[in-house]
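Chemist: The structure under discussion is supplied below as structure tokens; questions concerning it will follow.
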Amino acid sequence: MPSPRYWREIPQRYRLEANKCKKCGKIFFPPRLICCECRGQAFEKIRLSDEGKIITFTVIRVAPQQFATQTPYVVAIVETKDEVRLTTQVADCKPEDVEIGKKVRLVFRKIQEEGKTGILCYGYKAVLV
Amino acid sequence: MVGIIGYGSYVPRYRIKAEEIAKQWGMDPDAIKRGLLLKEKTVPGIDEDTITISVEAGKNALKRAEIDPQEIGAVYIGSESHPYAVKPSGTVVAEALGIVPEVHIADYEFACKAGTEAMFVCYSQVKAEVIKYGLAIGADTSQGAPGDALEYSASAGGSAFIFGKEKVVAEIVETYSYTTDTPDFWRREGAFYPRHSGRFTGEPAYFKHVIGAGKGILEKTGLKPDDFAYAVFHMPNGKFPLTAGKKLGFTKEQLEPGWIVPLMGNTYSGSSPTGFSATLDVAKQGELILLVSFGSGAGSDAFVFKVTDRIDEVRDKAIKVKELLENDRIYLNYGQYAKFREKIIMNE
């Protein structure tokens with residue numbers, strides 16, 4: 001993850017900031033500039049709930065290099081209480097603990113490091129509750 | 001009235017038992033458990049560090065304080081395991097908690113008492129009316145060299161405290177600090193593990209400063225040990241705080257709620273603050289709590305807190321320390337622990 005892109009995405013990665021269309025109420029995460037439902041361009045900034053459930057998931061057994069020491073790990077699509085879906089790693093669990101429909105909470109974790117001397121990239125992960 | 005208006009803690013789910021470490025180094029597990037009074041310790045996940053622990057503890061403190069994070073004027077984080085050598089942990093934590101940009105941020109370091117330093121400065125800033133609210137955090141992912149006595153205790157976790165003048169949960173009655181130049185434990189620039197001078201860490205270091213600060217604040221306030229409902233002393237192992245408490249005239253019952261070290265280990269800057277957080281979880285209106293930290297190098301900060309009636313309103317708004325320590329534990333073997341703590345040299 002290159003540093004400038006990581007920096008630009010801090011509001012959504014750190015604080016789950018989304019935007020809600022002022023015209024039709026649809027929530028976008030990550031935020032968008034134009035509403036794909038009603039073409040509205042006025043949005044209200046909101047923070048998503050950190051509570052949600054697992055919609056579906058997969059187990060990663062062959063990972064990119066920066067995640068290689070974490071295998072096997074789970075990546076899931078989580079739906080928050082605001083009915084917004086996001087893709088996230090599920091931490092602190094074995095793959096066999098994860099099931100569709102299980103409740104999760106989104107927590108703040110280190111996602112990856114830009115090598116041994118680069119910046120540390122933080123964001124959200126889910127944990128089973 | 002200046003004091004704590006919200007508090008919260010966070011402890012990782014991973015644990016390693018003292019016997020698992022003892023087995024690795026050919027030591028007698030019962031002798032270790034008896035000598036240090038440690039059963040197990042917390043271990044940070046591979047994706048956890050002082051910053052992530054601080055954010056989660058800060059979220060819990062905000063749940064109890066029920067304030068707009070934008071009104072917090074200072075974020076101070078005390079730790080000896082800040083993930084960056086240059087770049088404050090506080091910048092990431094304040095951004096994640098929605099406190100930026102009008103905020104003063106600093107990281108503190110004073111071995112195991114960096115957390116209470118952050119608390120002391122936040123309290124002073126609020127008292128001086130420089131800021132409305134201040135967030136102080138003590139958190140660590142403590143390091144202990146493989147095979148060293150510290151490996152049985154060095155653990156992970158932290159606690160956050162928001163200071164203010166309104167809606168106070170625990171008023172600060174008095175503070176007192178006691179500091180000298182004592183080389184009992186240190187880590188040189190670039191060194192991965194800290195070093196210590198064995199038994200020298202006891203009498204001339206821990207006991208001299210903890211008892212010095214304890215006696216000092218009792219004299220300053222005119223209070224006696226039996227005026228207090230609870231007392232919390234820094235917990236490098238199970239024995240030291242019990243001995244210090246006894247020498248100052250406190251009973252084991254007064255120390256019990258905050259004596260979390262047998263299950264948590266020594267969380268360095270997060271140790272006495274988390275013991276204090278666990279004590280607030282059970283304290284009642286009007287009760288006095290003594291908190292004495294210790295940081296090698298060496299010094300102690302002492303605080304006398306008086307609990308207000310608001311404690312009953314906020315207590316259940318966030319997870320309690322006992323729940324964090326006893327629920328959802330995941331036990332690691334030594335190999336997994338070595339991987340998690342990056343004690344194994346890997347290829348790039």
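Numbering starts fresh at 1 for the residues of each chain in the structure tokens, the chains themselves are lettered A, B, ... in the order given, and ligands are numbered from 1 as they appear.
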Residues of chain B within 6 Å of chain A, using only C-alpha atoms, as a tab-separated table (two decimals) with C-alpha atoms, in the first residue's frame?
Modeler:
```
chain	number	residue	atom	x	y	z
B	47	ASP	CA	-1.37	-7.12	14.29
B	48	GLU	CA	-1.40	-5.40	17.70
B	52	THR	CA	-3.83	-0.35	18.43
B	96	ALA	CA	-8.51	7.07	14.93
```
Chemist: Using only C-alpha atoms, which protein or nucleic acid residues come within 8 Å of Asp50 in chain A? Drop anything in the same chain fewer than 4 positions from it, and give the result as a JSON list (two decimals) with all heavy atoms, in the first residue's frame.
Modeler:
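To be explicit, this is the file written out as part-v9.json:
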```json
[["chain", "number", "residue", "atom", "x", "y", "z"],
["A", 80, "THR", "N", -22.38, -4.21, 8.34],
["A", 80, "THR", "CA", -22.51, -3.49, 9.60],
["A", 80, "THR", "C", -24.00, -3.26, 9.90],
["A", 80, "THR", "O", -24.86, -3.52, 9.04],
["A", 80, "THR", "CB", -21.80, -2.12, 9.54],
["A", 80, "THR", "OG1", -22.50, -1.29, 8.63],
["A", 80, "THR", "CG2", -20.35, -2.28, 9.13],
["A", 81, "LYS", "N", -24.29, -2.75, 11.10],
["A", 81, "LYS", "CA", -25.68, -2.48, 11.48],
["A", 81, "LYS", "C", -26.34, -1.48, 10.54],
["A", 81, "LYS", "O", -27.56, -1.43, 10.45],
["A", 81, "LYS", "CB", -25.72, -1.95, 12.92],
["A", 81, "LYS", "CG", -25.75, -3.04, 13.96],
["A", 81, "LYS", "CD", -26.08, -2.44, 15.31],
["A", 81, "LYS", "CE", -26.49, -3.52, 16.28],
["A", 81, "LYS", "NZ", -26.80, -2.94, 17.60],
["A", 105, "ARG", "N", -17.32, -7.60, 15.67],
["A", 105, "ARG", "CA", -17.09, -6.20, 16.01],
["A", 105, "ARG", "C", -15.87, -5.74, 15.22],
["A", 105, "ARG", "O", -14.91, -6.51, 15.05],
["A", 105, "ARG", "CB", -16.84, -6.07, 17.52],
["A", 105, "ARG", "CG", -16.88, -4.65, 18.05],
["A", 105, "ARG", "CD", -17.02, -4.67, 19.57],
["A", 105, "ARG", "NE", -15.99, -5.49, 20.20],
["A", 105, "ARG", "CZ", -14.76, -5.05, 20.49],
["A", 105, "ARG", "NH1", -14.42, -3.81, 20.22],
["A", 105, "ARG", "NH2", -13.88, -5.84, 21.07],
["A", 106, "LEU", "N", -15.91, -4.52, 14.71],
["A", 106, "LEU", "CA", -14.76, -4.00, 13.96],
["A", 106, "LEU", "C", -13.81, -3.31, 14.93],
["A", 106, "LEU", "O", -14.22, -2.46, 15.72],
["A", 106, "LEU", "CB", -15.24, -3.03, 12.87],
["A", 106, "LEU", "CG", -16.10, -3.69, 11.78],
["A", 106, "LEU", "CD1", -16.72, -2.65, 10.87],
["A", 106, "LEU", "CD2", -15.30, -4.70, 10.97],
["A", 107, "VAL", "N", -12.55, -3.71, 14.88],
["A", 107, "VAL", "CA", -11.55, -3.18, 15.81],
["A", 107, "VAL", "C", -10.39, -2.57, 15.02],
["A", 107, "VAL", "O", -10.25, -2.78, 13.82],
["A", 107, "VAL", "CB", -11.02, -4.29, 16.74],
["A", 107, "VAL", "CG1", -12.12, -4.80, 17.65],
["A", 107, "VAL", "CG2", -10.40, -5.43, 15.95]]
```
Chemist: Could you name the residues that touch Asp49 in chain B at 8 Å or less, counting only C-alpha atoms, but leaving out those on the same chain fewer than 5 positions away, as a list in words?
Modeler: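 Returned residues: Lys110 of chain A; Pro44, Ser81, His82, Pro83, Asp140 and Thr141 of chain B.
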Chemist: Keeping only all heavy atoms, take the residues you just selected and write them out as a PDB file, in the first residue's frame.
Modeler:
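Dumped everything to again-v8.pdb:
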```pdb
ATOM      1  N   LYS A 110      -3.209  -3.222  13.160  1.00  0.00           N
ATOM      2  CA  LYS A 110      -2.196  -2.958  12.137  1.00  0.00           C
ATOM      3  C   LYS A 110      -2.493  -3.882  10.964  1.00  0.00           C
ATOM      4  O   LYS A 110      -2.672  -5.090  11.155  1.00  0.00           O
ATOM      5  CB  LYS A 110      -0.798  -3.238  12.705  1.00  0.00           C
ATOM      6  CG  LYS A 110       0.304  -2.884  11.749  1.00  0.00           C
ATOM      7  CD  LYS A 110       1.653  -2.880  12.446  1.00  0.00           C
ATOM      8  CE  LYS A 110       2.097  -4.289  12.776  1.00  0.00           C
ATOM      9  NZ  LYS A 110       3.346  -4.329  13.529  1.00  0.00           N
TER      10      LYS A 110
ATOM     11  N   PRO B  44       0.510  -9.724  22.714  1.00  0.00           N
ATOM     12  CA  PRO B  44      -0.199  -9.014  21.642  1.00  0.00           C
ATOM     13  C   PRO B  44      -0.324  -9.874  20.396  1.00  0.00           C
ATOM     14  O   PRO B  44       0.571 -10.658  20.088  1.00  0.00           O
ATOM     15  CB  PRO B  44       0.713  -7.801  21.380  1.00  0.00           C
ATOM     16  CG  PRO B  44       2.069  -8.243  21.808  1.00  0.00           C
ATOM     17  CD  PRO B  44       1.866  -9.205  22.938  1.00  0.00           C
ATOM     18  N   SER B  81       7.192   1.010  24.299  1.00  0.00           N
ATOM     19  CA  SER B  81       7.191   0.245  23.045  1.00  0.00           C
ATOM     20  C   SER B  81       6.392   1.006  21.981  1.00  0.00           C
ATOM     21  O   SER B  81       5.534   0.424  21.330  1.00  0.00           O
ATOM     22  CB  SER B  81       6.629  -1.152  23.283  1.00  0.00           C
ATOM     23  OG  SER B  81       5.420  -1.113  24.012  1.00  0.00           O
ATOM     24  N   HIS B  82       6.661   2.302  21.851  1.00  0.00           N
ATOM     25  CA  HIS B  82       6.049   3.059  20.754  1.00  0.00           C
ATOM     26  C   HIS B  82       6.515   2.426  19.438  1.00  0.00           C
ATOM     27  O   HIS B  82       7.721   2.196  19.258  1.00  0.00           O
ATOM     28  CB  HIS B  82       6.493   4.529  20.809  1.00  0.00           C
ATOM     29  CG  HIS B  82       5.929   5.285  21.972  1.00  0.00           C
ATOM     30  ND1 HIS B  82       4.589   5.593  22.072  1.00  0.00           N
ATOM     31  CD2 HIS B  82       6.511   5.786  23.093  1.00  0.00           C
ATOM     32  CE1 HIS B  82       4.379   6.253  23.201  1.00  0.00           C
ATOM     33  NE2 HIS B  82       5.524   6.375  23.842  1.00  0.00           N
ATOM     34  N   PRO B  83       5.597   2.136  18.517  1.00  0.00           N
ATOM     35  CA  PRO B  83       6.004   1.422  17.296  1.00  0.00           C
ATOM     36  C   PRO B  83       7.020   2.173  16.438  1.00  0.00           C
ATOM     37  O   PRO B  83       7.844   1.559  15.776  1.00  0.00           O
ATOM     38  CB  PRO B  83       4.688   1.244  16.540  1.00  0.00           C
ATOM     39  CG  PRO B  83       3.627   1.345  17.573  1.00  0.00           C
ATOM     40  CD  PRO B  83       4.147   2.299  18.601  1.00  0.00           C
ATOM     41  N   ASP B 140       1.515  -0.740  26.532  1.00  0.00           N
ATOM     42  CA  ASP B 140       2.786  -1.332  26.131  1.00  0.00           C
ATOM     43  C   ASP B 140       2.600  -2.710  25.528  1.00  0.00           C
ATOM     44  O   ASP B 140       1.631  -3.418  25.834  1.00  0.00           O
ATOM     45  CB  ASP B 140       3.733  -1.462  27.353  1.00  0.00           C
ATOM     46  CG  ASP B 140       4.869  -0.441  27.327  1.00  0.00           C
ATOM     47  OD1 ASP B 140       5.522  -0.356  26.277  1.00  0.00           O
ATOM     48  OD2 ASP B 140       5.068   0.266  28.329  1.00  0.00           O
ATOM     49  N   THR B 141       3.533  -3.066  24.650  1.00  0.00           N
ATOM     50  CA  THR B 141       3.721  -4.464  24.250  1.00  0.00           C
ATOM     51  C   THR B 141       5.138  -4.772  24.728  1.00  0.00           C
ATOM     52  O   THR B 141       6.091  -4.671  23.976  1.00  0.00           O
ATOM     53  CB  THR B 141       3.583  -4.652  22.725  1.00  0.00           C
ATOM     54  OG1 THR B 141       4.463  -3.741  22.062  1.00  0.00           O
ATOM     55  CG2 THR B 141       2.174  -4.382  22.256  1.00  0.00           C
TER      56      THR B 141
END
```
Chemist: Find the spatial neighbours of Ile32 in chain B, counting only C-alpha atoms, within a cut-off of 12 Å - ignore same-chain residues fewer than 3 positions away - and output them as a list in words.
Modeler: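 Counting only C-alpha atoms, the residues come to Lys17, Ala18, Glu19, Glu20, Ile21, Ala22, Lys23, Trp25, Gly26, Met27, Asp28, Pro29, Gly35, Leu36, Leu37, Leu38, Lys39, Glu40, Asp148, Ala149, Leu150, Glu151, Tyr152, Ser153, Asn237, Gly238, Lys239 and Pro262 of chain B.
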Chemist: Would you save the residues from that selection as a PDB file, in the first residue's frame, using C-alpha atoms?
Modeler:
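This is the output file again.pdb:
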```pdb
ATOM      1  CA  LYS B  17       1.328 -19.748  30.664  1.00  0.00           C
ATOM      2  CA  ALA B  18       4.384 -19.402  32.924  1.00  0.00           C
ATOM      3  CA  GLU B  19       4.998 -23.177  32.739  1.00  0.00           C
ATOM      4  CA  GLU B  20       5.135 -23.050  28.916  1.00  0.00           C
ATOM      5  CA  ILE B  21       8.008 -20.531  29.122  1.00  0.00           C
ATOM      6  CA  ALA B  22       9.698 -22.399  32.008  1.00  0.00           C
ATOM      7  CA  LYS B  23       9.563 -25.691  30.063  1.00  0.00           C
ATOM      8  CA  TRP B  25      14.375 -22.993  29.295  1.00  0.00           C
ATOM      9  CA  GLY B  26      14.588 -26.053  31.561  1.00  0.00           C
ATOM     10  CA  MET B  27      13.375 -24.137  34.615  1.00  0.00           C
ATOM     11  CA  ASP B  28      11.114 -25.484  37.374  1.00  0.00           C
ATOM     12  CA  PRO B  29       7.630 -24.082  36.569  1.00  0.00           C
ATOM     13  CA  GLY B  35       8.675 -17.038  43.227  1.00  0.00           C
ATOM     14  CA  LEU B  36       7.056 -14.467  40.938  1.00  0.00           C
ATOM     15  CA  LEU B  37       3.365 -15.236  41.707  1.00  0.00           C
ATOM     16  CA  LEU B  38       2.615 -15.279  37.975  1.00  0.00           C
ATOM     17  CA  LYS B  39       0.252 -17.757  36.287  1.00  0.00           C
ATOM     18  CA  GLU B  40       0.170 -16.430  32.730  1.00  0.00           C
ATOM     19  CA  ASP B 148      15.428 -13.769  31.029  1.00  0.00           C
ATOM     20  CA  ALA B 149      13.266 -13.538  34.165  1.00  0.00           C
ATOM     21  CA  LEU B 150      11.413 -10.701  32.400  1.00  0.00           C
ATOM     22  CA  GLU B 151      10.118 -13.130  29.791  1.00  0.00           C
ATOM     23  CA  TYR B 152       7.668 -14.555  32.372  1.00  0.00           C
ATOM     24  CA  SER B 153       6.160 -11.137  33.029  1.00  0.00           C
ATOM     25  CA  ASN B 237       5.728  -9.385  39.371  1.00  0.00           C
ATOM     26  CA  GLY B 238       3.205 -10.673  41.892  1.00  0.00           C
ATOM     27  CA  LYS B 239       5.368 -10.294  45.003  1.00  0.00           C
ATOM     28  CA  PRO B 262      -0.998 -13.067  38.079  1.00  0.00           C
TER      29      PRO B 262
END
```
Chemist: For Glu71 in chain B, which residue out of B:Tyr331, B:Phe110, B:Tyr133, B:Tyr176 is the nearest one, using only C-alpha atoms?
Modeler: B:Tyr133
Chemist: Can you pull out every residue from range 200-230 of chain B that DSSP, working from the backbone, puts in helix (DSSP H, G or I), and format the result as a VMD selection string?
Modeler: chain B and resid 200 to 221 225 to 227
Chemist: Pick the closest to Gln70 in chain B from B:Ile131, B:Ala338, B:Val282, B:Ile51: which is it, counting only C-alpha atoms?
Modeler: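 Closest to Gln70 in chain B of all the choices is B:Ile131.
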Chemist: Would you mind listing what lies within 12 Å of Val127 in chain A as JSON, numbers by chain, with only C-alpha atoms counted and same-chain residues fewer than 5 positions away left out?
Modeler: {"A": [50, 51, 52, 53, 54, 74, 75, 76, 78, 88, 89, 90, 91, 92, 93, 94, 97, 98, 102, 103, 104, 105, 106, 107, 108, 109], "B": [12, 13, 45, 328]}
